[in-house]
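Engineer: Just dropping this structure here.
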There are 2 protein chains.
Amino acid sequence: MSAYSISATVPLDNAAQLEETLRHIGATRYHSLHPFHKLLHGGKLNKGQVQAWALNRYYYQSTIPIKDAVVISRFRDRATRQEWRHRIEDHDGDTGAEGGIERWRKLTEGLGLDSAYVESTEGILPATRFAVEAYVHFVRDRTPLEAIASSLTELFAPNLHEERISGMLKYYDFVNPDIMSYFSRRLTQAPRDAGFALDYVKQHATTPAERRAVCNALIFKTNVLWVQLDALYHAYVDGHVPPGAFVPAK
Amino acid sequence: MSAYSISATVPLDNAAQLEETLRHIGATRYHSLHPFHKLLHGGKLNKGQVQAWALNRYYYQSTIPIKDAVVISRFRDRATRQEWRHRIEDHDGDTGAEGGIERWRKLTEGLGLDSAYVESTEGILPATRFAVEAYVHFVRDRTPLEAIASSLTELFAPNLHEERISGMLKYYDFVNPDIMSYFSRRLTQAPRDAGFALDYVKQHATTPAERRAVCNALIFKTNVLWVQLDALYHAYVDGHVPPGAFVPAK
């Protein structure tokens, strides 16, 4: 497996081999394996470093409905648009119904960050912006099949969220269950969404070449997530904050 | 100045104030200031680290003509398209005329990298790909004025290239003048191109808001360059190579 594609020797002759390969990519490339998450979930970060993570991740969270709107726009098939539509509502919420972005803002607020600053996204790392925007461009520019496949990291999210909730509540006195509500909510949302996407790619990728494209779309998405943590680690663990980016209060 | 925009208090009432602000951005944000370049030009990197830099930078170099073709496509004005066109030839070359990409390939080849591997771009850092692609998306999606303004980092390139040529020839026995021909050639190309772009934005940005957009386009571009060096530093100086990316031979 290169940084972008699986080996040409991986057999992808049927849906079962596709799912097996997708799960192998998750087991070897998902950002649950990233050193920054080990620090975050193990209580090894200070409050400023956790703030930097939440601030940057807000940009990812707040871009997801835009990404999903682009995904919907790729489908003439009304049934697929109907199925995908709830993802926008899950994140944007509705009148009197809190969504994922609002839950994430509660997290950044609970961590002591000014919401206007968070929502301005002026302090995020440029690498965060480039990686997140690459995700939006990907679902716009690649095939609809690849657009759906790039969401498959959700297959691996629940375990990560459980580890995050327990670890952060256990180790950080500045974290409480209320500000972690984003993750507890995703524990039920992600499996439903991932289940649909997995069934979709298994059904609609009908050739080895299409199955390979599905696998490489998942690798792309693991890169989108990994790059964000590499940038956080470089800036806020190793201390190389780029010009103009968020600097935690001493 | 935030990571993305200049302060709202910076006066931009005329072309002279615009140029002054652009030069201030270069003096404070250009990647000549990046720690990785200090190491590269000071002889502090090993051959594998220099290979990683050249391998990743090849992706940037080989994308520039694509970026410039998009810039050309933004202009109905034939004179601007005529003026910009030579940039594509500078990098792509012509029959019997070597271009910048070929010169860069000679650099990677001279550093002992397999050209097929370099040209495949399969080993570059995902952050490199995201940053470089963000540049192409920027010139496609922003105004033509911002597209031209984003090239203004070339104002600051000659000093960097002179420092690079002398430093790398002085410190690295695996570097010779022949494989450094890309940089010596750019010493004459960059000032001509930067001069046109600077005159263009000074003439066509006629309101403070347009001058601000020009400044922020240059800040964007400094981020495109800075992110690439942050990623190289994290992967090849601090040793956090992401999954599947180039690993120098021991």
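Residues are named by chain letter and number: chains run A, B, ... in the order of the structure tokens, numbers start at 1 in each chain, and ligands are numbered from 1 in the order shown.
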Counting only C-alpha atoms, a student should be able to say which residues of chain A come within 10 Å of chain B; what is the right answer, written as JSON, numbers by chain?
Structural biologist: {"A": [1, 2, 3, 4, 5, 6, 28, 29, 30, 34, 35, 121, 122, 123, 124, 125, 126, 127, 128, 129, 130, 131, 132, 133, 134, 135, 137, 219, 220, 222, 223, 224, 226, 227, 228, 230, 231, 233, 234, 235, 238, 240, 241, 242, 243, 244, 245, 246]}
Engineer: Could you give me, as a list in words, the residues within 8 Å of range 99-112 of chain A, counting only C-alpha atoms and dropping anything in the same chain fewer than 2 positions from it?
Structural biologist: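 Everything that qualifies: Lys47, Val50, Gln51, Ala54, Leu55, Tyr58, Gln61, Ser62, Glu89, Asp90, His91, Asp92, Gly93, Asp94, Ala97, Asp114, Ser115, Val118, Phe174, Val175, Ile179, Met180, Ser181 and Tyr182 of chain A.
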Engineer: Please return as an MDAnalysis selection string: the residues of range 27-204 of chain A that backbone DSSP assigns to helix (DSSP H, G or I).
Structural biologist: chainID A and resid 27:29 31:33 35:41 47:73 78:92 100:110 115:120 126:141 144:149 152:171 177:204
Engineer: Could you tell me how far CA of Pro248 in chain B lies from CA of Leu229 in chain A, in Å and to one decimal?
Structural biologist: 22.5 Å
Engineer: Can you list, as a ChimeraX atom specification, every protein, DNA or RNA residue that comes within 10 Å of Thr206 in chain A when you count only C-alpha atoms, leaving out same-chain residues fewer than 6 positions away?
Structural biologist: /A:12-15
Engineer: Between CA of Glu162 in chain B and CA of Cys215 in chain B, measure the distance and give it in Å to one decimal.
Structural biologist: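 Distance between the two atoms: 25.4 Å.
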Engineer: Find the distance between CA of Asp173 in chain A and CA of Gly43 in chain A and write it in Å to one decimal.
Structural biologist: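 These atoms are spaced 10.0 Å apart.
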Engineer: Do a neighbour search on range 187-192 of chain A at 7 Å with only C-alpha atoms, toss out local chain neighbours closer than 6 positions, and write the hits as a ChimeraX atom specification.
Structural biologist: /A:154-155,157-158
Engineer: Atoms to include: all heavy atoms. Write the selected residues as a PDB file, in the first residue's frame.
Structural biologist:
```pdb
ATOM      1  N   GLU A 154     -16.212   6.143   8.724  1.00  0.00           N
ATOM      2  CA  GLU A 154     -17.202   6.024   9.812  1.00  0.00           C
ATOM      3  C   GLU A 154     -17.352   4.591  10.306  1.00  0.00           C
ATOM      4  O   GLU A 154     -17.840   4.360  11.413  1.00  0.00           O
ATOM      5  CB  GLU A 154     -18.552   6.571   9.354  1.00  0.00           C
ATOM      6  CG  GLU A 154     -18.565   8.089   9.265  1.00  0.00           C
ATOM      7  CD  GLU A 154     -19.900   8.643   8.802  1.00  0.00           C
ATOM      8  OE1 GLU A 154     -20.586   7.960   8.023  1.00  0.00           O
ATOM      9  OE2 GLU A 154     -20.234   9.755   9.214  1.00  0.00           O
ATOM     10  N   LEU A 155     -16.929   3.640   9.494  1.00  0.00           N
ATOM     11  CA  LEU A 155     -16.935   2.238   9.949  1.00  0.00           C
ATOM     12  C   LEU A 155     -16.096   2.072  11.214  1.00  0.00           C
ATOM     13  O   LEU A 155     -16.371   1.214  12.047  1.00  0.00           O
ATOM     14  CB  LEU A 155     -16.347   1.323   8.858  1.00  0.00           C
ATOM     15  CG  LEU A 155     -17.214   0.926   7.676  1.00  0.00           C
ATOM     16  CD1 LEU A 155     -16.361   0.214   6.641  1.00  0.00           C
ATOM     17  CD2 LEU A 155     -18.367   0.033   8.135  1.00  0.00           C
ATOM     18  N   ALA A 157     -15.217   4.679  13.362  1.00  0.00           N
ATOM     19  CA  ALA A 157     -15.331   5.794  14.312  1.00  0.00           C
ATOM     20  C   ALA A 157     -15.840   5.392  15.702  1.00  0.00           C
ATOM     21  O   ALA A 157     -15.330   5.889  16.711  1.00  0.00           O
ATOM     22  CB  ALA A 157     -16.226   6.885  13.722  1.00  0.00           C
ATOM     23  N   PRO A 158     -16.839   4.494  15.799  1.00  0.00           N
ATOM     24  CA  PRO A 158     -17.407   4.227  17.136  1.00  0.00           C
ATOM     25  C   PRO A 158     -16.367   3.798  18.179  1.00  0.00           C
ATOM     26  O   PRO A 158     -16.343   4.326  19.285  1.00  0.00           O
ATOM     27  CB  PRO A 158     -18.430   3.123  16.865  1.00  0.00           C
ATOM     28  CG  PRO A 158     -18.890   3.396  15.471  1.00  0.00           C
ATOM     29  CD  PRO A 158     -17.626   3.828  14.751  1.00  0.00           C
TER      30      PRO A 158
END
```
Engineer: Excluding range 199-202 of chain A and its own-chain neighbours fewer than 4 positions away, which residues fall within 7 Å of it when counting only C-alpha atoms? Please give them as a list in words.
Structural biologist: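 The residues that qualify are Ala15, Leu145, Ala149 and Gly195 of chain A.
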Engineer: Using only C-alpha atoms, which residue out of B:Lys250, B:Arg23, B:Lys44, B:Arg74 lies closest to Ala147 in chain B?
Structural biologist: B:Arg74
